[in-house]
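Okay, input_0.cif is below, mmCIF, C-alpha atoms and all ligand atoms:
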data_run
#
loop_
_atom_site.label_atom_id
_atom_site.label_comp_id
_atom_site.auth_asym_id
_atom_site.auth_seq_id
_atom_site.Cartn_x
_atom_site.Cartn_y
_atom_site.Cartn_z
CA MET E 56 17.89 -36.30 -32.67
CA PRO E 57 14.47 -34.65 -32.76
CA GLN E 58 14.66 -30.89 -32.59
CA PRO E 59 12.44 -29.01 -30.08
CA ALA E 60 9.32 -27.61 -31.72
CA PRO E 61 9.71 -23.94 -32.61
CA GLU E 62 8.03 -21.38 -30.34
CA PRO E 63 4.53 -20.66 -31.75
CA GLU E 64 4.36 -17.15 -33.19
CA GLY E 65 3.20 -14.53 -30.70
CA ARG E 66 3.80 -16.50 -27.54
CA ALA E 67 6.95 -16.60 -25.41
CA ALA E 68 7.75 -19.16 -22.75
CA ASN E 69 6.93 -16.67 -20.00
CA GLY E 70 3.76 -15.14 -21.41
CA PRO E 71 2.19 -13.68 -24.53
CA ARG E 72 4.49 -11.73 -26.83
CA ALA E 73 3.05 -9.49 -29.50
CA PRO E 74 4.28 -10.35 -32.99
CA GLU E 75 5.56 -6.78 -33.29
CA ALA E 76 6.61 -7.02 -36.91
CA ALA E 77 2.94 -7.53 -37.78
CA PHE E 78 2.09 -3.98 -36.70
CA ASP E 79 2.90 -0.71 -38.38
CA PRO E 80 5.20 1.66 -36.45
CA ARG E 81 2.33 3.76 -35.07
CA ALA E 82 0.50 0.72 -33.71
CA ARG E 83 3.72 -0.63 -32.24
CA ALA E 84 4.50 2.63 -30.41
CA LEU E 85 0.89 2.84 -29.24
CA ILE E 86 0.83 -0.71 -27.87
CA ARG E 87 4.06 -0.08 -25.96
CA SER E 88 3.03 3.23 -24.41
CA PHE E 89 -0.48 1.96 -23.73
CA SER E 90 0.65 -1.14 -21.85
CA GLU E 91 3.15 0.96 -19.89
CA ALA E 92 0.33 3.38 -19.00
CA VAL E 93 -1.95 0.57 -17.81
CA LYS E 94 0.84 -0.82 -15.64
CA ILE E 95 1.34 2.57 -14.01
CA LEU E 96 -2.39 3.07 -13.43
CA ASN E 97 -2.64 -0.38 -11.86
CA THR E 98 0.00 0.53 -9.30
CA SER E 99 -1.20 4.05 -8.47
CA LEU E 100 -2.21 3.89 -4.82
CA SER E 101 -3.96 7.15 -4.01
CA LEU E 102 -6.71 8.97 -5.87
CA GLU E 103 -4.38 11.94 -6.24
CA SER E 104 -1.71 9.86 -7.99
CA VAL E 105 -4.27 8.10 -10.25
CA LEU E 106 -5.57 11.49 -11.46
CA ARG E 107 -2.08 12.92 -12.00
CA ASP E 108 -0.87 9.78 -13.74
CA LEU E 109 -3.92 9.68 -15.99
CA ALA E 110 -3.53 13.31 -17.12
CA ARG E 111 0.17 12.70 -17.83
CA LEU E 112 -0.33 9.30 -19.47
CA GLY E 113 -3.21 10.57 -21.60
CA ARG E 114 -0.78 13.10 -23.04
CA SER E 115 2.01 10.65 -23.73
CA VAL E 116 -0.13 7.82 -25.12
CA LEU E 117 -2.12 10.16 -27.36
CA SER E 118 0.80 12.43 -28.34
CA ALA E 119 -0.91 15.51 -26.94
CA ARG E 120 0.72 18.66 -25.64
CA TYR E 121 -1.78 19.06 -22.79
CA GLY E 122 -3.77 16.58 -20.72
CA ALA E 123 -6.36 17.03 -17.97
CA VAL E 124 -8.76 15.05 -15.83
CA GLY E 125 -11.95 16.55 -14.47
CA VAL E 126 -13.61 14.69 -11.61
CA LEU E 127 -17.36 15.19 -11.40
CA GLY E 128 -19.03 16.41 -8.22
CA PRO E 129 -22.50 15.30 -7.08
CA GLU E 130 -24.20 18.00 -9.20
CA GLY E 131 -22.34 16.99 -12.35
CA ASP E 132 -20.00 19.96 -11.92
CA ILE E 133 -16.20 19.69 -12.13
CA ALA E 134 -15.16 19.10 -8.52
CA ARG E 135 -11.45 18.59 -9.21
CA PHE E 136 -9.36 19.44 -12.23
CA VAL E 137 -5.86 18.05 -12.64
CA THR E 138 -3.67 19.10 -15.56
CA SER E 139 -0.47 17.96 -17.20
CA GLY E 140 1.71 19.94 -19.59
CA LEU E 141 1.06 23.35 -18.02
CA SER E 142 3.73 24.92 -15.83
CA GLU E 143 2.96 26.10 -12.29
CA ASP E 144 3.19 29.69 -13.54
CA GLU E 145 0.78 29.01 -16.39
CA ILE E 146 -1.71 27.40 -14.00
CA LYS E 147 -1.42 30.39 -11.66
CA ALA E 148 -1.87 32.86 -14.53
CA ILE E 149 -5.06 31.09 -15.71
CA GLY E 150 -6.47 31.36 -12.19
CA GLN E 151 -9.80 29.66 -11.64
CA ALA E 152 -10.17 25.97 -12.64
CA PRO E 153 -12.71 25.36 -15.43
CA GLN E 154 -16.35 25.23 -14.34
CA GLY E 155 -17.52 22.80 -17.00
CA HIS E 156 -18.80 25.08 -19.75
CA GLY E 157 -17.92 24.94 -23.43
CA LEU E 158 -16.36 21.79 -24.84
CA LEU E 159 -15.59 20.36 -21.39
CA GLY E 160 -19.25 20.84 -20.48
CA ALA E 161 -20.35 19.28 -23.78
CA VAL E 162 -18.48 16.04 -22.95
CA ILE E 163 -20.09 16.06 -19.48
CA ALA E 164 -23.57 16.72 -20.88
CA ASP E 165 -23.33 14.10 -23.66
CA GLY E 166 -21.48 11.45 -21.66
CA ARG E 167 -19.83 10.46 -24.95
CA PRO E 168 -16.41 11.06 -26.55
CA LEU E 169 -16.05 14.37 -28.34
CA ARG E 170 -13.43 15.44 -30.87
CA SER E 171 -12.76 18.84 -32.34
CA ALA E 172 -10.08 19.81 -34.86
CA ASN E 173 -9.98 23.41 -33.68
CA ILE E 174 -11.34 24.55 -30.33
CA ALA E 175 -11.47 28.24 -31.33
CA GLY E 176 -13.66 27.53 -34.35
CA ASP E 177 -15.98 25.05 -32.60
CA PRO E 178 -19.53 26.36 -32.00
CA ARG E 179 -19.71 24.46 -28.67
CA ALA E 180 -16.62 26.25 -27.28
CA VAL E 181 -17.00 29.36 -25.07
CA GLY E 182 -13.49 30.73 -25.50
CA PHE E 183 -10.49 30.64 -23.20
CA PRO E 184 -10.09 32.86 -20.13
CA PRO E 185 -7.37 35.55 -20.35
CA ASN E 186 -3.79 34.19 -19.93
CA HIS E 187 -4.82 30.72 -21.14
CA PRO E 188 -2.28 29.28 -23.60
CA PRO E 189 -3.79 28.81 -27.07
CA MET E 190 -5.01 25.26 -27.76
CA THR E 191 -6.23 23.83 -31.04
CA SER E 192 -7.24 20.18 -31.39
CA PHE E 193 -9.36 18.59 -28.64
CA LEU E 194 -10.44 15.12 -27.51
CA GLY E 195 -12.55 14.44 -24.43
CA VAL E 196 -13.82 11.05 -23.22
CA PRO E 197 -15.88 10.12 -20.19
CA ILE E 198 -14.35 7.97 -17.44
CA ARG E 199 -17.13 5.49 -16.77
CA ARG E 200 -17.74 2.75 -14.27
CA GLY E 201 -20.85 0.87 -15.38
CA THR E 202 -23.45 3.53 -16.00
CA ARG E 203 -21.78 6.04 -13.68
CA VAL E 204 -19.58 8.77 -15.13
CA LEU E 205 -16.80 9.54 -12.63
CA GLY E 206 -15.19 12.28 -14.66
CA ASN E 207 -13.57 12.99 -18.01
CA LEU E 208 -10.18 12.72 -19.63
CA TYR E 209 -9.26 15.59 -21.92
CA VAL E 210 -6.28 15.99 -24.22
CA THR E 211 -5.52 18.91 -26.50
CA ASP E 212 -3.00 19.84 -29.19
CA LYS E 213 -2.07 16.65 -30.96
CA THR E 214 1.65 16.95 -31.66
CA THR E 215 1.64 14.63 -34.70
CA GLY E 216 -0.66 14.54 -37.76
CA ASP E 217 -3.85 16.56 -38.07
CA GLY E 218 -5.60 16.42 -34.77
CA PHE E 219 -7.11 13.44 -32.95
CA ASP E 220 -8.67 10.65 -35.03
CA ALA E 221 -10.97 7.69 -34.42
CA VAL E 222 -8.06 5.51 -33.24
CA ASP E 223 -7.11 8.14 -30.63
CA GLU E 224 -10.72 8.25 -29.49
CA TRP E 225 -10.82 4.48 -29.06
CA VAL E 226 -7.46 4.42 -27.23
CA ALA E 227 -8.54 7.26 -24.92
CA THR E 228 -11.78 5.41 -24.14
CA VAL E 229 -9.96 2.19 -23.21
CA LEU E 230 -7.42 4.15 -21.14
CA ALA E 231 -10.31 5.87 -19.35
CA ASP E 232 -11.85 2.45 -18.59
CA HIS E 233 -8.64 1.36 -16.89
CA ALA E 234 -8.48 4.67 -15.04
CA ALA E 235 -12.06 4.17 -13.82
CA LEU E 236 -11.03 0.92 -12.16
CA ALA E 237 -7.97 2.57 -10.63
CA ILE E 238 -10.11 5.48 -9.37
CA GLU E 239 -12.59 3.08 -7.83
CA ARG E 240 -9.81 1.11 -6.15
CA ALA E 241 -8.15 4.26 -4.79
CA THR E 242 -11.48 5.59 -3.51
CA LEU E 243 -12.24 2.33 -1.71
CA SER E 244 -8.76 2.27 -0.25
CA ALA E 245 -9.13 5.86 1.00
CA ALA E 246 -12.47 4.95 2.61
CA ARG E 247 -10.88 1.89 4.23
CA ASP E 248 -7.97 3.96 5.60
CA ALA E 249 -10.34 6.57 6.95
CA PHE E 250 -12.35 3.83 8.62
CA LEU E 251 -9.19 2.26 10.07
CA SER E 252 -7.95 5.47 11.58
CA VAL E 253 -11.35 6.42 13.00
CA ALA E 254 -11.83 2.92 14.44
CA ALA E 255 -8.35 2.90 15.98
CA HIS E 256 -8.76 6.39 17.44
CA GLU E 257 -12.14 5.55 18.87
CA LEU E 258 -10.83 2.35 20.45
CA ARG E 259 -7.74 3.91 21.94
CA SER E 260 -9.42 5.91 24.72
CA PRO E 261 -11.67 3.17 26.13
CA VAL E 262 -8.85 0.62 25.93
CA GLY E 263 -6.52 3.07 27.70
CA ALA E 264 -9.10 3.67 30.43
CA LEU E 265 -9.66 -0.06 30.82
CA ARG E 266 -5.93 -0.58 31.17
CA LEU E 267 -5.61 1.99 33.95
CA ALA E 268 -8.62 0.56 35.79
CA ILE E 269 -7.28 -3.00 35.61
CA GLU E 270 -3.80 -1.94 36.72
CA SER E 271 -5.23 -0.16 39.75
CA ALA E 272 -7.53 -3.12 40.58
CA SER E 273 -4.52 -5.48 40.38
CA GLU E 274 -2.46 -3.24 42.66
CA GLN E 275 -5.28 -3.11 45.23
CA ALA E 276 -5.75 -6.86 45.01
CA ALA E 277 -2.03 -7.39 45.62
CA GLU E 278 -2.16 -5.24 48.76
CA SER E 279 -5.31 -6.78 50.26
CA ASP E 280 -6.13 -10.36 51.16
CA THR E 281 -7.89 -10.97 47.83
CA PRO E 282 -8.03 -14.72 47.06
CA ALA E 283 -5.24 -15.98 44.80
CA ALA E 284 -7.71 -17.16 42.17
CA ILE E 285 -9.14 -13.65 41.79
CA ARG E 286 -5.65 -12.16 41.60
CA GLU E 287 -4.76 -14.63 38.87
CA LEU E 288 -7.96 -13.71 36.99
CA LEU E 289 -7.08 -10.03 37.24
CA ARG E 290 -3.63 -10.77 35.81
CA GLU E 291 -5.27 -12.57 32.88
CA VAL E 292 -7.56 -9.61 32.23
CA GLU E 293 -4.57 -7.27 32.43
CA ARG E 294 -2.72 -9.27 29.80
CA GLY E 295 -5.80 -9.38 27.59
CA VAL E 296 -6.16 -5.62 27.78
CA ASP E 297 -2.43 -5.22 27.03
CA GLU E 298 -2.85 -7.42 23.99
CA LEU E 299 -5.87 -5.42 22.86
CA SER E 300 -4.04 -2.14 23.23
CA LEU E 301 -1.13 -3.44 21.13
CA GLU E 302 -3.60 -4.52 18.44
CA VAL E 303 -5.14 -1.06 18.49
CA ASP E 304 -1.64 0.45 18.12
CA ASP E 305 -1.08 -1.78 15.07
CA LEU E 306 -4.29 -0.49 13.51
CA LEU E 307 -3.40 3.08 14.31
CA ASP E 308 0.07 2.69 12.79
CA ALA E 309 -1.39 1.05 9.68
CA SER E 310 -3.71 4.00 9.15
CA ARG E 311 -0.92 6.54 9.79
CA LEU E 312 1.50 4.73 7.52
CA ASP E 313 -0.53 5.47 4.42
CA ARG E 314 -0.04 9.13 5.18
CA GLY E 315 3.66 8.52 5.78
CA ALA E 316 3.49 9.63 9.40
CA LEU E 317 5.19 6.91 11.45
CA ARG E 318 7.51 8.60 13.94
CA VAL E 319 9.54 6.36 16.20
CA GLN E 320 9.94 7.29 19.87
CA ARG E 321 13.44 6.28 20.79
CA SER E 322 14.86 5.44 24.18
CA THR E 323 17.78 3.26 25.26
CA VAL E 324 16.56 -0.30 24.96
CA ASP E 325 18.04 -3.78 25.43
CA LEU E 326 16.98 -5.79 22.39
CA ARG E 327 17.00 -9.01 24.42
CA GLN E 328 14.21 -7.58 26.57
CA VAL E 329 12.21 -6.61 23.48
CA CYS E 330 12.51 -10.17 22.13
CA GLN E 331 11.72 -11.75 25.49
CA ALA E 332 8.64 -9.53 25.93
CA ALA E 333 7.38 -10.55 22.48
CA VAL E 334 8.01 -14.24 23.25
CA ASP E 335 6.15 -13.94 26.57
CA ARG E 336 3.30 -12.19 24.84
CA MET E 337 2.99 -14.95 22.26
CA ARG E 338 3.23 -17.63 24.93
CA TRP E 339 0.25 -16.08 26.60
CA ALA E 340 -1.78 -14.98 23.54
CA LEU E 341 -1.42 -18.25 21.62
CA ALA E 342 -1.04 -20.47 24.70
CA THR E 343 2.10 -22.08 23.32
CA ASP E 344 5.64 -22.96 24.41
CA ARG E 345 6.87 -23.58 20.88
CA VAL E 346 9.22 -20.59 20.76
CA ILE E 347 12.90 -21.27 21.42
CA ALA E 348 14.72 -18.00 22.17
CA LYS E 349 18.48 -17.81 21.68
CA LEU E 350 19.46 -14.50 23.22
CA PRO E 351 22.99 -13.49 24.17
CA SER E 352 24.08 -13.21 27.81
CA GLU E 353 25.17 -9.58 27.32
CA PRO E 354 22.63 -6.79 26.68
CA ILE E 355 22.20 -5.45 23.12
CA TRP E 356 21.78 -1.76 23.78
CA GLY E 357 20.33 0.46 21.08
CA ARG E 358 18.22 3.59 20.59
CA TRP E 359 14.88 2.20 19.48
CA ASP E 360 11.11 2.50 19.93
CA ARG E 361 10.58 -0.27 22.46
CA ARG E 362 6.83 -0.74 22.01
CA ARG E 363 6.93 -0.69 18.23
CA LEU E 364 9.87 -3.09 18.00
CA GLU E 365 8.11 -5.45 20.37
CA ARG E 366 5.07 -5.37 18.12
CA ALA E 367 7.22 -6.00 15.05
CA VAL E 368 8.87 -9.04 16.66
CA ALA E 369 5.53 -10.28 17.99
CA ASN E 370 4.03 -10.06 14.48
CA LEU E 371 6.89 -12.16 13.07
CA LEU E 372 6.55 -14.72 15.85
CA GLU E 373 2.80 -14.84 15.44
CA ASN E 374 3.16 -15.58 11.72
CA ALA E 375 5.81 -18.24 12.32
CA LEU E 376 3.59 -19.90 14.94
CA ARG E 377 0.35 -19.66 13.01
CA TYR E 378 1.62 -20.73 9.60
CA SER E 379 3.76 -23.71 10.70
CA PRO E 380 2.52 -27.02 12.12
CA ALA E 381 1.57 -26.97 15.81
CA ASP E 382 4.18 -29.61 16.72
CA THR E 383 7.17 -27.75 15.27
CA PRO E 384 9.36 -25.22 17.09
CA VAL E 385 9.91 -21.59 16.16
CA TRP E 386 13.29 -19.98 16.79
CA ILE E 387 14.13 -16.41 17.60
CA VAL E 388 17.79 -15.45 17.61
CA ALA E 389 19.16 -12.00 18.46
CA ARG E 390 22.77 -10.87 18.14
CA SER E 391 24.82 -7.78 17.52
CA ALA E 392 27.95 -7.18 15.53
CA GLU E 393 29.70 -3.90 14.85
CA ALA E 394 27.09 -1.15 14.75
CA ARG E 395 24.13 -3.42 13.99
CA ALA E 396 21.77 -5.79 15.70
CA THR E 397 19.99 -8.67 14.00
CA ILE E 398 16.84 -10.52 14.95
CA GLN E 399 15.97 -13.72 13.11
CA VAL E 400 12.64 -15.49 13.36
CA ARG E 401 12.66 -18.95 11.82
CA ASP E 402 10.12 -21.72 11.40
CA SER E 403 10.09 -25.05 9.61
CA GLY E 404 6.60 -24.57 8.18
CA PRO E 405 5.34 -24.78 4.60
CA GLY E 406 7.15 -21.63 3.42
CA ILE E 407 5.69 -18.80 1.36
CA ASP E 408 4.86 -19.29 -2.34
CA ALA E 409 7.51 -17.65 -4.51
CA ALA E 410 4.73 -15.74 -6.28
CA ASP E 411 3.60 -14.26 -2.95
CA GLN E 412 6.99 -13.25 -1.59
CA ASP E 413 6.93 -9.71 -3.02
CA ARG E 414 3.21 -9.06 -2.48
CA ILE E 415 2.75 -9.93 1.18
CA TRP E 416 4.49 -6.74 2.35
CA GLN E 417 1.58 -4.70 1.00
CA PRO E 418 -1.27 -3.75 3.36
CA PHE E 419 -4.25 -6.13 3.38
CA VAL E 420 -2.47 -8.70 1.23
CA ARG E 421 -2.42 -12.29 2.47
CA GLY E 422 -0.61 -15.29 1.08
CA SER E 423 -2.56 -17.44 -1.36
CA GLN E 424 -2.18 -20.42 1.03
CA SER E 425 -3.69 -18.53 3.98
CA HIS E 426 -7.14 -17.80 2.64
CA GLY E 427 -9.78 -19.71 4.49
CA THR E 428 -7.31 -21.27 6.92
CA GLN E 429 -6.17 -18.74 9.52
CA ARG E 430 -7.87 -15.46 10.33
CA GLY E 431 -5.85 -12.35 9.57
CA ALA E 432 -6.06 -8.95 7.92
CA GLY E 433 -2.80 -9.08 5.97
CA LEU E 434 -1.41 -6.13 7.95
CA GLY E 435 1.33 -7.79 10.03
CA LEU E 436 4.27 -7.79 7.61
CA TYR E 437 3.35 -4.36 6.27
CA ILE E 438 3.58 -2.93 9.76
CA VAL E 439 6.78 -4.85 10.55
CA ARG E 440 8.51 -3.53 7.47
CA GLU E 441 7.41 0.04 8.12
CA ILE E 442 8.54 -0.11 11.76
CA VAL E 443 11.90 -1.52 10.71
CA SER E 444 12.47 1.06 8.01
CA ALA E 445 11.39 3.90 10.34
CA HIS E 446 14.36 2.74 12.47
CA GLY E 447 16.69 2.90 9.46
CA GLY E 448 16.84 -0.92 9.38
CA SER E 449 16.21 -3.55 6.73
CA ILE E 450 14.34 -6.83 6.49
CA THR E 451 14.95 -9.92 4.38
CA LEU E 452 12.87 -12.99 3.72
CA ASP E 453 14.23 -16.43 2.98
CA SER E 454 11.44 -18.92 2.47
CA GLN E 455 11.44 -22.31 0.79
CA THR E 456 8.57 -24.71 0.66
CA THR E 457 10.62 -27.67 1.88
CA VAL E 458 12.65 -25.85 4.53
CA GLY E 459 10.50 -23.16 6.15
CA THR E 460 10.71 -19.43 6.54
CA THR E 461 13.37 -17.18 8.05
CA ILE E 462 12.80 -13.46 8.39
CA SER E 463 15.84 -11.40 9.38
CA VAL E 464 15.64 -7.87 10.68
CA THR E 465 18.77 -5.74 10.87
CA LEU E 466 18.77 -2.54 12.90
CA PRO E 467 21.43 0.11 13.36
CA LEU E 468 22.27 0.35 17.07
CA ARG E 469 22.05 4.13 16.83
CA PRO E 470 20.08 6.38 14.48
CA SER E 471 22.26 7.58 11.61
CA GLY E 472 23.92 10.88 12.44
CA ALA E 473 23.75 10.24 16.21
CA ILE E 474 27.02 10.80 18.03
CA ASP E 475 28.10 8.91 21.13
CA ALA E 476 27.89 11.11 24.20
N1 LIG E 501 6.22 -17.71 8.60
C1 LIG E 501 5.36 -17.81 7.59
N2 LIG E 501 5.13 -18.99 6.95
C2 LIG E 501 4.27 -19.08 5.91
N3 LIG E 501 3.55 -18.04 5.44
C3 LIG E 501 3.73 -16.85 6.03
C4 LIG E 501 4.63 -16.66 7.11
N4 LIG E 501 4.60 -15.34 7.46
C5 LIG E 501 3.73 -14.74 6.65
N5 LIG E 501 3.20 -15.64 5.78
C6 LIG E 501 2.25 -15.34 4.70
O1 LIG E 501 2.28 -13.96 4.49
C7 LIG E 501 0.95 -13.41 4.55
C8 LIG E 501 1.00 -12.01 5.08
O2 LIG E 501 1.37 -12.00 6.45
P1 LIG E 501 0.87 -10.82 7.37
O3 LIG E 501 1.43 -11.02 8.73
O4 LIG E 501 1.16 -9.54 6.68
O5 LIG E 501 -0.71 -10.98 7.35
P2 LIG E 501 -1.64 -12.09 8.05
O6 LIG E 501 -0.83 -12.91 8.98
O7 LIG E 501 -2.36 -12.78 6.97
O8 LIG E 501 -2.68 -11.18 8.86
P3 LIG E 501 -2.39 -10.30 10.19
O9 LIG E 501 -0.91 -10.35 10.47
O10 LIG E 501 -2.85 -8.93 9.82
O11 LIG E 501 -3.21 -10.95 11.25
C9 LIG E 501 0.18 -14.38 5.40
O12 LIG E 501 -1.21 -14.34 5.06
C10 LIG E 501 0.83 -15.72 5.05
O13 LIG E 501 0.24 -16.24 3.87
MG MG E 502 0.43 -11.93 10.42
#
Whole structure, structure tokens version:
Amino acid sequence: MPQPAPEPEGRAANGPRAPEAAFDPRARALIRSFSEAVKILNTSLSLESVLRDLARLGRSVLSARYGAVGVLGPEGDIARFVTSGLSEDEIKAIGQAPQGHGLLGAVIADGRPLRSANIAGDPRAVGFPPNHPPMTSFLGVPIRRGTRVLGNLYVTDKTTGDGFDAVDEWVATVLADHAALAIERATLSAARDAFLSVAAHELRSPVGALRLAIESASEQAAESDTPAAIRELLREVERGVDELSLEVDDLLDASRLDRGALRVQRSTVDLRQVCQAAVDRMRWALATDRVIAKLPSEPIWGRWDRRRLERAVANLLENALRYSPADTPVWIVARSAEARATIQVRDSGPGIDAADQDRIWQPFVRGSQSHGTQRGAGLGLYIVREIVSAHGGSITLDSQTTVGTTISVTLPLRPSGAIDA
């Protein structure tokens, strides 16, 4: 029998594998810590965490006792300085953050990597402030994006060998390139969040005012002999404004979530009513009768945030309706057992690519199949998951390309620690 061909050197079935034996121990350790560092930088979400991670990773990848990142202000000054390796007490004792003189300033002025075997003996150094721990070897590299220098990465006190060498300089430069991308991404994401929260706040008042005005117009129309057609129109406008205000709430929650500030407002709620309200909303918003609701005859009482849960369920229904063929039904089933309630939303659509199943819970991430087909911001599932976890619940996804998608939400009937009255 023919034997399978041997694996080509350096390549595994599931991706490239470095032929480790080919490298000396230093290179091997470096490759490992460097790829770990890049992974961490790629997943740092906020500017703050990118800067902290970079200072820490610079130290570990380059075997340095201390690491720091200086972010440049508009005048080329050091606007922010983040350190790693110094204790809180040491930072306090040093006092003022560096202003960008001496060696730090030399890296800023040159815009090029700078190495020094001994800071104290270097003519470009200006000396340490009182209470600064002694430092000897030094390496500083700019963090560049194109021609722009965003800041600098500094490491001091190489713990192995005789100070930083050309390899360290090269590694620090490549690490700084990755950090530049991460900084740019985090900055854009902060700008986007700020925009979201401003937009949502600005929209909330006029939409609220519109809602009140429409409600009062509808009440007056109901009491007077306003023609039925006008009353029906007013009802339509009322629903549209309701829909708009729920969308604005979604935006507002999305912008709050990044700051970890979602607080549920609990009251005693029948989950069947939450589901029915979401179904009615979808029937109206998407003009469809495709949803089949299987709700129990007995109420499912729980302590939940009615409006937020309704939005969560509506988001799941909206996805199921939008991403499955128009002639197929969508099911929503609610039940309770022991101290938990479960809501399941199921469709028999095309399913979600296995590669997308972990990603789509992130804000602004859409499935690879959805681009260019349906409009959407990629916020729905992110908000659903956050609302569910703010209630102490959990969510699972079961999606197969030939069967469809089922999303199950499980909620405790009462917040943990609550005692029956
Ligand atoms: N029931 C489903 N069937 C197939 N794909 C789905 C389903 N639900 C979600 N998805 C995929 O998950 C992605 C993320 O969904 P999510 O609700 O977070 O964002 P969106 O629907 O794209 O936009 P938004 O909800 O903000 O309007 C969708 O773009 C889609 O690719
Ligand atoms: Mg959606």
Expected selection as a short mmCIF file (atom, residue, chain, number, x, y, z; two decimals) with C-alpha atoms, keeping the file's coordinate frame for ligand MG 502 (chain E) within 6 Å, only C-alpha atoms and all ligand atoms:
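Everything below was put into out32.cif:
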data_model
loop_
_atom_site.label_atom_id
_atom_site.label_comp_id
_atom_site.auth_asym_id
_atom_site.auth_seq_id
_atom_site.Cartn_x
_atom_site.Cartn_y
_atom_site.Cartn_z
CA ASN E 370 4.03 -10.06 14.48
CA ASN E 374 3.16 -15.58 11.72
CA GLY E 435 1.33 -7.79 10.03
#
Cut-off 12 Å around (-4.7, 4.1, -32.3) with all atoms listed in the file: residues as a ChimeraX atom specification: /E:78-89,116-118,219-230
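With all atoms listed in the file counted, the chains near ligand LIG 501 (chain E) contribute these residues within 7 Å: Asn370, Leu371, Asn374, Ala375, Tyr378, Ser379, Asp402, Gly404, Pro405, Gly406, Ile407, Ile415, Trp416, Val420, Arg421, Gly422, Ser423, Gln424, Ser425, Arg430, Gly431, Ala432, Gly433, Leu434, Gly435, Leu436, Tyr437, Gly459 and Thr460 of chain E.
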One decimal, in Å: what's the spacing between CA of Thr98 (chain E) and CA of Arg199 (chain E)? 19.3 Å
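You will find CA of Ser310 (chain E) at 5.5 Å from CA of Asp248 (chain E).
Proximity to Ser142 (chain E) was assessed for E:Arg240, E:Lys94, E:Arg179, E:His187 counting all atoms listed in the file; the smallest distance is recorded for E:His187.
Pairwise distance (CA of Val105 (chain E), CA of Ala231 (chain E)) equals 11.1 Å.
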From the list E:Gly201, E:Gly157, E:Gly195, E:Gly131, which residue is nearest Gly182 (chain E) when using all atoms listed in the file? E:Gly157
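Restricting the calculation to only C-alpha atoms, the smallest distance between Ile95 (chain E) and any of E:Ala123, E:Val388, E:Ala234, E:Leu468 is found for E:Ala234.
Using only C-alpha atoms, the residues found no farther than 12 Å from Arg358 (chain E), other than those of its own chain fewer than 3 positions away, are Val319, Gln320, Arg321, Ser322, Thr323, Val324, Asp325, Leu326, Ile355, Arg361, Leu364, Ala394, Arg395, Ala396, His446, Gly447, Leu466, Pro467, Leu468, Arg469, Pro470, Ser471, Ala473, Ile474 and Asp475 of chain E.
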Find the residues around Ala272 (chain E) up to 12 Å (only C-alpha atoms counted), leave out those fewer than 5 positions away in its own chain, and share them as a ChimeraX atom specification. /E:265-267,277-279,281,285-290,292-293
Give me the residues within 10 Å of Leu96 (chain E) as a CSV table (one decimal) with C-alpha atoms, in the coordinates of the input, counting only C-alpha atoms and dropping any in the same chain fewer than 6 places off.
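Below is the file out-v1.csv, written as the result:
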chain,number,residue,atom,x,y,z
E,90,SER,CA,0.6,-1.1,-21.8
E,104,SER,CA,-1.7,9.9,-8.0
E,105,VAL,CA,-4.3,8.1,-10.2
E,106,LEU,CA,-5.6,11.5,-11.5
E,107,ARG,CA,-2.1,12.9,-12.0
E,108,ASP,CA,-0.9,9.8,-13.7
E,109,LEU,CA,-3.9,9.7,-16.0
E,112,LEU,CA,-0.3,9.3,-19.5
E,230,LEU,CA,-7.4,4.2,-21.1
E,233,HIS,CA,-8.6,1.4,-16.9
E,234,ALA,CA,-8.5,4.7,-15.0
E,235,ALA,CA,-12.1,4.2,-13.8
E,236,LEU,CA,-11.0,0.9,-12.2
E,237,ALA,CA,-8.0,2.6,-10.6
E,238,ILE,CA,-10.1,5.5,-9.4
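Nearest residue to Arg363 (chain E), choosing from E:Asp382, E:Asp411, E:Glu441, E:Asp297 and counting only C-alpha atoms: E:Glu441.
Using all atoms listed in the file for every distance, the candidate list E:Ala392, E:Leu169, E:Ala175, E:Ile438 yields E:Ile438 as the residue closest to Leu307 (chain E).
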Between E:Leu376, E:Gln399, E:Val464, E:Ala152, which residue has the minimum interatomic distance to Gln429 (chain E), considering all atoms listed in the file? E:Leu376
Would you fill out region 260-265 of chain E with N, CA and C atoms and return it as an mmCIF file, in the coordinates of the input?
data_model
loop_
_atom_site.group_PDB
_atom_site.id
_atom_site.type_symbol
_atom_site.label_atom_id
_atom_site.label_comp_id
_atom_site.auth_asym_id
_atom_site.auth_seq_id
_atom_site.Cartn_x
_atom_site.Cartn_y
_atom_site.Cartn_z
ATOM 1 N N SER E 260 -9.080 5.366 23.398
ATOM 2 C CA SER E 260 -9.420 5.910 24.720
ATOM 3 C C SER E 260 -10.043 4.860 25.633
ATOM 4 N N PRO E 261 -11.109 4.154 25.188
ATOM 5 C CA PRO E 261 -11.670 3.170 26.130
ATOM 6 C C PRO E 261 -10.674 2.081 26.522
ATOM 7 N N VAL E 262 -9.818 1.663 25.584
ATOM 8 C CA VAL E 262 -8.850 0.620 25.930
ATOM 9 C C VAL E 262 -7.845 1.165 26.937
ATOM 10 N N GLY E 263 -7.442 2.440 26.754
ATOM 11 C CA GLY E 263 -6.520 3.070 27.700
ATOM 12 C C GLY E 263 -7.141 3.152 29.088
ATOM 13 N N ALA E 264 -8.414 3.536 29.138
ATOM 14 C CA ALA E 264 -9.100 3.670 30.430
ATOM 15 C C ALA E 264 -9.223 2.302 31.108
ATOM 16 N N LEU E 265 -9.530 1.305 30.311
ATOM 17 C CA LEU E 265 -9.660 -0.060 30.820
ATOM 18 C C LEU E 265 -8.331 -0.524 31.417
#
